[in-house]
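What follows is the content of work_7.txt (compact mmCIF, C-alpha atoms and all ligand atoms).
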```
# COMPACT_ATOMS: atom_id res chain seq x y z
CA MET A 485 -17.33 27.13 18.84
CA TRP A 486 -13.54 27.46 19.32
CA PRO A 487 -12.10 24.12 18.37
CA PHE A 488 -8.42 23.25 18.51
CA LEU A 489 -6.56 20.55 16.63
CA LEU A 490 -4.63 18.22 18.88
CA LEU A 491 -1.78 16.32 17.21
CA LEU A 492 -0.03 13.40 18.81
CA VAL A 493 3.29 12.49 17.22
CA THR A 494 5.30 9.42 18.14
CA LEU A 495 8.90 9.34 17.06
CA LEU A 496 12.04 7.33 17.36
CA LEU A 497 15.29 8.90 18.50
CA SER A 498 18.22 7.01 17.08
CA THR A 499 20.80 8.42 19.50
CA ALA A 500 20.63 8.34 23.27
CA ALA A 501 19.47 11.68 24.60
CA THR A 502 18.32 12.72 28.06
CA LEU A 503 15.51 10.35 28.83
CA PRO A 504 12.16 12.10 28.93
CA SER A 505 9.78 10.55 31.44
CA GLU A 506 7.42 9.29 28.72
CA ALA A 507 10.19 7.64 26.66
CA LEU A 508 10.11 3.91 26.09
CA ASN A 509 13.04 1.80 25.08
CA VAL A 510 12.03 -0.11 21.95
CA ARG A 511 14.72 -2.37 20.50
CA GLY A 512 17.48 -0.08 21.70
CA HIS A 513 15.80 3.06 20.37
CA LEU A 514 13.94 5.71 22.27
CA LEU A 515 10.28 5.94 21.42
CA LYS A 516 8.82 9.24 22.45
CA SER A 517 5.34 10.75 22.15
CA LYS A 518 4.45 14.42 22.17
CA THR A 519 1.14 16.22 21.95
CA PHE A 520 0.71 19.60 20.29
CA LEU A 521 -2.26 21.93 20.42
CA SER A 522 -2.97 24.28 17.51
CA PRO A 523 -4.07 27.85 18.14
CA ALA A 524 -7.86 28.15 18.57
CA ILE A 525 -9.82 28.02 15.30
CA PHE A 526 -12.79 30.42 15.42
CA LEU A 527 -15.92 29.25 13.61
CA ARG A 528 -19.49 30.48 13.33
CA PRO A 529 -22.31 28.22 12.11
CA GLY A 530 -21.81 27.64 8.36
CA SER A 531 -18.32 29.16 8.24
CA VAL A 532 -15.24 27.45 6.84
CA SER A 533 -11.73 27.73 8.16
CA ASN A 534 -8.68 26.79 6.12
CA LYS A 535 -5.54 27.56 8.10
CA ILE A 536 -1.88 27.01 7.43
CA TYR A 537 0.48 27.08 10.38
CA PHE A 538 4.18 27.59 9.72
CA ASP A 539 7.15 26.83 11.94
CA VAL A 540 5.13 24.43 14.08
CA ALA A 541 7.04 23.36 17.20
CA PHE A 542 7.29 19.70 16.15
CA PRO A 543 10.42 17.80 17.21
CA LYS A 544 13.56 18.79 15.25
CA GLY A 545 16.63 16.80 14.31
CA HIS A 546 17.30 13.56 12.46
CA ILE A 547 14.45 11.34 13.63
CA ALA A 548 12.02 8.70 12.40
CA LEU A 549 8.27 9.17 12.77
CA LYS A 550 6.18 6.19 13.85
CA SER A 551 2.66 7.65 14.04
CA PHE A 552 0.68 10.86 13.80
CA ASP A 553 -2.80 11.12 15.26
CA ALA A 554 -5.19 14.06 15.45
CA GLU A 555 -8.26 15.02 17.46
CA VAL A 556 -10.50 18.09 17.38
CA VAL A 557 -11.18 19.32 20.91
CA ASP A 558 -12.93 22.24 22.56
CA GLU A 559 -11.34 24.69 25.02
CA HIS A 560 -11.74 22.11 27.82
CA GLY A 561 -9.99 19.35 25.83
CA VAL A 562 -13.27 17.51 25.13
CA PRO A 563 -13.57 15.92 21.62
CA VAL A 564 -15.95 17.81 19.29
CA PRO A 565 -18.25 15.63 17.12
CA LEU A 566 -18.19 15.94 13.31
CA HIS A 567 -21.76 17.24 13.10
CA GLU A 568 -20.63 20.26 15.13
CA THR A 569 -17.29 20.80 13.36
CA TYR A 570 -16.58 18.72 10.29
CA LEU A 571 -12.89 17.98 9.94
CA HIS A 572 -12.41 17.98 6.16
CA HIS A 573 -8.72 17.26 6.38
CA TRP A 574 -5.46 17.94 8.16
CA VAL A 575 -2.09 17.48 6.49
CA VAL A 576 1.47 17.75 7.74
CA GLU A 577 4.22 18.76 5.32
CA PRO A 578 7.86 19.60 5.92
CA TYR A 579 9.50 22.53 4.16
CA TYR A 580 12.76 24.41 3.74
CA ILE A 581 13.30 28.11 4.30
CA PRO A 582 16.14 30.32 2.99
CA LYS A 583 19.16 30.15 5.33
CA GLY A 584 19.07 32.86 7.98
CA ALA A 585 15.43 33.79 7.26
CA ASP A 586 13.11 34.35 10.19
CA ALA A 587 10.98 31.20 10.35
CA ALA A 588 7.99 33.04 11.81
CA GLU A 589 8.09 35.67 9.02
CA THR A 590 8.67 33.29 6.07
CA LYS A 591 5.46 32.73 4.13
CA LEU A 592 4.27 30.36 1.38
CA SER A 593 5.97 32.21 -1.53
CA LYS A 594 9.47 31.88 0.01
CA ILE A 595 9.41 28.32 1.21
CA ILE A 596 10.34 25.15 -0.68
CA PRO A 597 7.98 22.36 0.34
CA ARG A 598 9.64 19.02 0.93
CA ARG A 599 7.24 16.63 -0.72
CA ASN A 600 6.88 12.91 -0.21
CA SER A 601 8.31 10.63 -2.89
CA GLY A 602 4.95 9.33 -4.09
CA VAL A 603 3.37 9.37 -7.54
CA CYS A 604 0.98 12.26 -6.69
CA LYS A 605 3.50 14.50 -4.96
CA THR A 606 2.71 17.62 -7.00
CA THR A 607 -0.90 17.66 -5.76
CA LEU A 608 -0.65 15.57 -2.59
CA GLY A 609 2.76 16.31 -1.17
CA GLN A 610 1.95 15.81 2.46
CA TYR A 611 3.65 13.38 4.78
CA TYR A 612 0.61 12.70 6.92
CA GLY A 613 -3.00 13.66 6.49
CA LEU A 614 -6.49 12.34 7.13
CA GLY A 615 -10.05 13.63 7.32
CA SER A 616 -13.21 12.70 9.20
CA GLU A 617 -11.88 9.12 9.63
CA THR A 618 -9.02 10.36 11.84
CA ARG A 619 -10.35 9.00 15.14
CA HIS A 620 -10.43 5.34 14.10
CA THR A 621 -7.71 5.03 11.49
CA ALA A 622 -4.28 3.67 12.38
CA THR A 623 -1.21 5.66 11.31
CA TRP A 624 1.44 3.46 12.98
CA VAL A 625 4.43 2.70 10.73
CA PRO A 626 5.24 -0.98 11.39
CA ASP A 627 8.63 -2.02 12.80
CA PRO A 628 11.41 -1.93 11.72
CA TYR A 629 10.38 1.06 9.57
CA GLY A 630 9.97 4.73 10.29
CA ILE A 631 9.50 7.89 8.28
CA GLU A 632 12.83 9.68 8.22
CA VAL A 633 12.89 13.45 8.69
CA GLY A 634 15.56 16.07 9.34
CA ASP A 635 18.37 14.45 7.34
CA PRO A 636 21.05 17.18 7.57
CA VAL A 637 22.51 16.54 4.06
CA ALA A 638 19.21 17.06 2.26
CA PRO A 639 18.40 20.83 2.02
CA PRO A 640 18.74 22.51 -1.39
CA GLU A 641 21.47 25.15 -1.89
CA GLY A 642 21.03 28.13 0.42
CA HIS A 643 18.21 26.55 2.40
CA GLU A 644 17.78 24.80 5.70
CA GLU A 645 15.23 22.21 6.67
CA LYS A 646 12.50 23.04 9.10
CA GLN A 647 10.90 19.54 9.29
CA TRP A 648 10.20 16.08 7.79
CA LEU A 649 10.85 13.51 4.89
CA LEU A 650 9.41 10.09 3.77
CA ASN A 651 8.11 7.53 1.33
CA VAL A 652 4.33 7.79 1.05
CA PHE A 653 2.67 6.86 -2.22
CA GLN A 654 -0.76 8.15 -3.04
CA ILE A 655 -3.19 7.67 -5.85
CA ASP A 656 -5.93 10.20 -6.32
CA ILE A 657 -9.41 10.16 -7.90
CA GLU A 658 -11.85 13.06 -7.48
CA TYR A 659 -15.23 12.67 -9.19
CA GLN A 660 -19.02 12.70 -8.98
CA VAL A 661 -21.31 9.79 -8.08
CA GLU A 662 -24.71 9.92 -9.81
CA LYS A 663 -27.82 8.48 -8.19
CA CYS A 664 -28.42 4.93 -9.39
CA SER A 665 -31.18 4.18 -11.92
CA SER A 666 -34.45 2.50 -10.98
CA GLU A 667 -33.35 -0.63 -12.90
CA ASP A 668 -30.16 -0.82 -10.83
CA ARG A 669 -32.15 -0.19 -7.69
CA ALA A 670 -34.46 -3.07 -8.58
CA LYS A 671 -31.37 -5.30 -8.95
CA ASN A 672 -30.04 -4.03 -5.60
CA ASP A 673 -27.00 -2.70 -7.46
CA CYS A 674 -26.52 0.85 -6.20
CA VAL A 675 -22.72 0.78 -5.96
CA HIS A 676 -20.66 3.21 -8.04
CA VAL A 677 -17.24 1.81 -8.92
CA GLN A 678 -14.47 4.17 -10.04
CA VAL A 679 -11.16 2.85 -11.34
CA ALA A 680 -7.85 4.71 -11.73
CA LYS A 681 -4.37 3.59 -12.72
CA GLN A 682 -0.95 4.93 -11.75
CA ILE A 683 2.58 3.81 -12.51
CA LEU A 684 4.74 3.27 -9.45
CA PRO A 685 8.28 4.43 -10.29
CA ARG A 686 10.05 2.43 -7.54
CA GLY A 687 8.86 -0.83 -6.10
CA GLY A 688 9.47 -2.62 -2.83
CA ASP A 689 7.48 -4.11 0.05
CA ILE A 690 4.12 -2.58 0.89
CA VAL A 691 4.19 -2.30 4.69
CA PHE A 692 1.11 -0.09 5.23
CA GLY A 693 -1.96 0.91 3.24
CA VAL A 694 -5.14 2.92 3.81
CA ALA A 695 -7.78 4.59 1.64
CA HIS A 696 -9.45 7.97 2.14
CA GLN A 697 -13.08 8.49 1.07
CA HIS A 698 -15.89 10.93 1.79
CA SER A 699 -19.41 10.22 3.10
CA GLY A 700 -21.04 7.61 0.87
CA GLY A 701 -17.76 5.70 0.47
CA ILE A 702 -17.94 1.95 1.05
CA GLY A 703 -14.31 1.02 0.63
CA ALA A 704 -11.47 0.91 -1.87
CA SER A 705 -8.94 -1.62 -3.03
CA LEU A 706 -5.50 -1.43 -4.59
CA HIS A 707 -4.39 -3.98 -7.19
CA GLY A 708 -1.17 -4.88 -8.95
CA GLU A 709 -0.71 -5.02 -12.72
CA ASP A 710 -1.88 -8.67 -12.82
CA GLY A 711 -4.98 -7.80 -10.80
CA ARG A 712 -3.73 -9.27 -7.50
CA LEU A 713 -5.15 -7.57 -4.41
CA LEU A 714 -2.51 -5.50 -2.59
CA CYS A 715 -4.73 -3.89 0.06
CA GLU A 716 -8.41 -3.38 0.80
CA SER A 717 -9.54 -0.54 3.05
CA VAL A 718 -13.16 -0.42 4.22
CA ALA A 719 -15.10 2.52 5.68
CA THR A 720 -16.70 2.43 9.14
CA TYR A 721 -19.73 4.66 9.77
CA GLY A 722 -20.79 6.09 13.10
CA GLU A 723 -24.17 5.24 14.57
CA GLY A 724 -24.66 7.79 17.33
CA ARG A 725 -24.11 11.41 18.29
CA GLU A 726 -20.86 11.37 20.26
CA ALA A 727 -17.39 12.24 18.91
CA GLY A 728 -15.91 9.26 17.07
CA ASN A 729 -19.34 7.67 16.44
CA GLU A 730 -21.24 10.30 14.43
CA GLU A 731 -24.13 8.83 12.41
CA GLY A 732 -23.74 9.20 8.63
CA TYR A 733 -20.03 10.09 8.76
CA ILE A 734 -17.00 7.95 7.97
CA VAL A 735 -15.34 7.68 11.38
CA GLY A 736 -12.61 5.22 10.43
CA MET A 737 -10.93 3.37 7.56
CA SER A 738 -9.46 -0.10 7.99
CA THR A 739 -5.74 -0.43 7.32
CA CYS A 740 -3.38 -3.06 5.87
CA TYR A 741 -0.19 -4.16 7.60
CA PRO A 742 1.25 -6.88 5.36
CA LYS A 743 4.22 -8.72 6.81
CA PRO A 744 7.26 -7.22 5.01
CA GLY A 745 8.11 -9.33 1.98
CA THR A 746 4.61 -10.76 1.53
CA VAL A 747 3.12 -7.96 -0.61
CA THR A 748 5.61 -6.60 -3.09
CA VAL A 749 5.36 -4.23 -6.04
CA SER A 750 7.96 -3.81 -8.77
CA ASP A 751 9.64 -0.78 -10.34
CA GLY A 752 7.34 0.68 -13.01
CA GLU A 753 4.36 -1.50 -12.05
CA ALA A 754 0.92 -0.14 -13.00
CA LEU A 755 -1.30 -0.06 -9.91
CA THR A 756 -5.08 0.21 -9.97
CA VAL A 757 -7.30 1.81 -7.36
CA VAL A 758 -10.95 0.69 -7.23
CA SER A 759 -13.10 3.07 -5.20
CA ASN A 760 -16.69 2.07 -4.31
CA TYR A 761 -19.40 4.52 -3.27
CA SER A 762 -23.04 3.97 -2.52
CA SER A 763 -25.15 5.50 -5.30
CA GLU A 764 -28.37 5.42 -3.28
CA ARG A 765 -27.97 9.21 -3.42
CA GLN A 766 -25.91 11.58 -5.56
CA HIS A 767 -22.52 12.59 -4.09
CA THR A 768 -20.45 15.47 -5.48
CA GLY A 769 -16.70 16.06 -5.13
CA VAL A 770 -16.01 12.65 -3.68
CA MET A 771 -12.49 11.31 -3.33
CA GLY A 772 -10.78 8.01 -3.59
CA LEU A 773 -7.21 8.25 -2.36
CA PHE A 774 -4.97 5.37 -1.50
CA TYR A 775 -1.93 5.87 0.70
CA ILE A 776 0.75 3.22 0.80
CA LEU A 777 4.13 3.03 2.47
CA VAL A 778 6.62 1.18 0.31
CA ALA A 779 9.89 0.03 1.84
CA GLU A 780 12.52 -0.11 -0.87
CA HIS A 781 14.81 -3.14 -1.14
CA GLU A 782 18.06 -1.43 -0.22
CA GLN A 783 20.41 -4.36 -0.79
CA GLN A 784 19.02 -4.97 -4.26
CA SER A 785 19.38 -1.34 -5.33
CA GLN A 786 23.03 -1.36 -4.19
CA LEU A 787 23.93 -4.35 -6.38
C1 LIG B 801 -16.20 -2.82 -4.84
O1 LIG B 801 -17.28 -3.23 -5.64
C2 LIG B 801 -17.01 -4.41 -6.42
C3 LIG B 801 -18.19 -4.62 -7.35
O2 LIG B 801 -19.39 -4.55 -6.66
C4 LIG B 801 -16.76 -5.58 -5.46
O3 LIG B 801 -16.45 -6.73 -6.18
C5 LIG B 801 -15.60 -5.23 -4.53
O4 LIG B 801 -15.43 -6.25 -3.56
C6 LIG B 801 -15.85 -3.90 -3.81
N1 LIG B 801 -14.67 -3.55 -3.04
C7 LIG B 801 -14.72 -2.90 -1.86
C8 LIG B 801 -13.44 -2.62 -1.19
O5 LIG B 801 -15.78 -2.54 -1.35
```

Can you give me the file's structure in the form of structure tokens?
Amino acid sequence: MWPFLLLLVTLLLSTAATLPSEALNVRGHLLKSKTFLSPAIFLRPGSVSNKIYFDVAFPKGHIALKSFDAEVVDEHGVPVPLHETYLHHWVVEPYYIPKGADAAETKLSKIIPRRNSGVCKTTLGQYYGLGSETRHTATWVPDPYGIEVGDPVAPPEGHEEKQWLLNVFQIDIEYQVEKCSSEDRAKNDCVHVQVAKQILPRGGDIVFGVAHQHSGGIGASLHGEDGRLLCESVATYGEGREAGNEEGYIVGMSTCYPKPGTVTVSDGEALTVVSNYSSERQHTGVMGLFYILVAEHEQQSQL
């Protein structure tokens, strides 16, 4: 098997440039989509591949990202199902390199990652990233927002930016789900509920939300300090053999797109993630992540 990762990025160009044929004019901006193919990833049955690609030819310049979708395909461009190649995760992260350094030669030890501004940025610094649910999980950033990258004033002293910047917030739980007891089974209560709290440093409007879970996950919810529901994201399982519908795998997570201004969080608010897994069987190393995009109230912070 020689799978490739196909990434489709949609971005907004804020200045008029030469119009590419696929460009759309959205509210006076140019919306453009590009598809990138990774190098071939060589796998034998039972092998694991964990690759990091530097200096990826993603669009450069001061732009806003609107969506980022991925697909695992074979050498003919045909989607590969998860039971043939399990996509554990893919993440996209921008980084800086020392000025004048050769981008192709600059490795992990020399780069400065540009992390998102979320509460888990030291462990989960990525700007975009999903796992097996990639095929049926929306990544679109609702209008009028976009994820800003390539701001020319941003690089640290002596460095230049290669890619990306944004405002993703993530809350992480990684734990073990034990098989439910026979008493619980008799009561039809084989759901494991894990709860985690995080303080959100800066508030604003939640404009997008999605959870990430592993097989066995049922769904997760995010709550404000007073317990109000901010977003609920539910897992969809496949029922067949084909790519995007693989039985027993999470093939999609539902997303939240609250109308801006309707779901707000405040500076320093304690948020709670509730992650539910089926405990019909034991599950090890499961995850309960919640990604949210928070649009800050600019006018208020200027006052
Ligand atoms: C999680 O489980 C609790 C308790 O069973 C339930 O009240 C809640 O609705 C569940 N949430 C999700 C997202 O599945």

Contact residues around range 570-576 of chain A with only C-alpha atoms at 6 Å, ignoring same-chain residues under 3 positions, as a PDB file with C-alpha atoms, keeping the file's coordinate frame:
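What landed in around16.pdb:
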```pdb
ATOM      1  CA  LEU A 566     -18.190  15.940  13.310  1.00  0.00           C
ATOM      2  CA  GLN A 610       1.950  15.810   2.460  1.00  0.00           C
ATOM      3  CA  TYR A 611       3.650  13.380   4.780  1.00  0.00           C
ATOM      4  CA  TYR A 612       0.610  12.700   6.920  1.00  0.00           C
ATOM      5  CA  GLY A 613      -3.000  13.660   6.490  1.00  0.00           C
ATOM      6  CA  LEU A 614      -6.490  12.340   7.130  1.00  0.00           C
ATOM      7  CA  GLY A 615     -10.050  13.630   7.320  1.00  0.00           C
ATOM      8  CA  SER A 616     -13.210  12.700   9.200  1.00  0.00           C
TER       9      SER A 616
END
```

If the limit is 7 Å from any atom of ligand LIG 801 (chain B), counting all atoms listed in the file, which residues qualify? Return them as a list in words.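 Listing the residues within 7 Å of ligand LIG 801 (chain B) gives Val675, Val677, Ile702, Gly703, Ala704, Ser705, Glu716, Ser717, Val718, Val758, Ser759 and Asn760 of chain A.
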
Could those residues be written to a file, using C-alpha atoms, as a short mmCIF file (atom, residue, chain, number, x, y, z; two decimals), in the frame of the given file?
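Output contents, as saved in again07.cif:
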```cif
data_model
loop_
_atom_site.label_atom_id
_atom_site.label_comp_id
_atom_site.auth_asym_id
_atom_site.auth_seq_id
_atom_site.Cartn_x
_atom_site.Cartn_y
_atom_site.Cartn_z
CA VAL A 675 -22.72 0.78 -5.96
CA VAL A 677 -17.24 1.81 -8.92
CA ILE A 702 -17.94 1.95 1.05
CA GLY A 703 -14.31 1.02 0.63
CA ALA A 704 -11.47 0.91 -1.87
CA SER A 705 -8.94 -1.62 -3.03
CA GLU A 716 -8.41 -3.38 0.80
CA SER A 717 -9.54 -0.54 3.05
CA VAL A 718 -13.16 -0.42 4.22
CA VAL A 758 -10.95 0.69 -7.23
CA SER A 759 -13.10 3.07 -5.20
CA ASN A 760 -16.69 2.07 -4.31
#
```

Taking all atoms listed in the file into account, name the residue in A:Cys740, A:Asp586, A:Ala680, A:Gln766 that is nearest to Lys663 in chain A. A:Gln766

Tell me which protein, DNA and RNA residues are within 7 Å of Thr756 in chain A, counting only C-alpha atoms, leaving out same-chain ones fewer than 5 positions away, and put them as a list in words.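 Near neighbours after the sequence-gap exclusion: Val679, Ala680, Lys681, Gln682, Leu706, His707 and Gly708 of chain A.
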
Contacts of Asp751 in chain A at 6 Å (only C-alpha atoms; same-chain gap of 4+ positions) as a PDB file with C-alpha atoms, keeping the file's coordinate frame:
```pdb
ATOM      1  CA  PRO A 685       8.280   4.430 -10.290  1.00  0.00           C
ATOM      2  CA  ARG A 686      10.050   2.430  -7.540  1.00  0.00           C
ATOM      3  CA  GLY A 687       8.860  -0.830  -6.100  1.00  0.00           C
TER       4      GLY A 687
END
```

At a cut-off of 10 Å, using only C-alpha atoms, what residues contact His767 in chain A? Leave out same-chain residues fewer than 3 positions from it and give the result as an mmCIF file with C-alpha atoms, keeping the file's coordinate frame.
```
data_model
loop_
_atom_site.group_PDB
_atom_site.id
_atom_site.type_symbol
_atom_site.label_atom_id
_atom_site.label_comp_id
_atom_site.auth_asym_id
_atom_site.auth_seq_id
_atom_site.Cartn_x
_atom_site.Cartn_y
_atom_site.Cartn_z
ATOM 1 C CA TYR A 659 -15.230 12.670 -9.190
ATOM 2 C CA GLN A 660 -19.020 12.700 -8.980
ATOM 3 C CA VAL A 661 -21.310 9.790 -8.080
ATOM 4 C CA GLU A 662 -24.710 9.920 -9.810
ATOM 5 C CA LYS A 663 -27.820 8.480 -8.190
ATOM 6 C CA HIS A 698 -15.890 10.930 1.790
ATOM 7 C CA SER A 699 -19.410 10.220 3.100
ATOM 8 C CA GLY A 700 -21.040 7.610 0.870
ATOM 9 C CA GLY A 701 -17.760 5.700 0.470
ATOM 10 C CA TYR A 761 -19.400 4.520 -3.270
ATOM 11 C CA SER A 762 -23.040 3.970 -2.520
ATOM 12 C CA SER A 763 -25.150 5.500 -5.300
ATOM 13 C CA GLU A 764 -28.370 5.420 -3.280
ATOM 14 C CA VAL A 770 -16.010 12.650 -3.680
#
```

Using all atoms listed in the file, which of the listed residues (A:Leu773, A:Val778, A:Ile581, A:Ile683) sits closest to Gln697 in chain A? A:Leu773

Would you mind reading off the distance between CA of Asp635 in chain A and CA of Arg599 in chain A, one decimal, in Å? 13.9 Å

Here is a test: counting all atoms listed in the file, which residue of A:Pro597, A:Gly722, A:Pro563, A:Gly642 is nearest to Lys583 in chain A?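 Of all the options, A:Gly642 lies closest to Lys583 in chain A.
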
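Nearest-residue note for Ala779 in chain A: choosing from A:Asn672, A:Ser666, A:Ser517, A:Ser601, the minimum distance belongs to A:Ser601, counting all atoms listed in the file.
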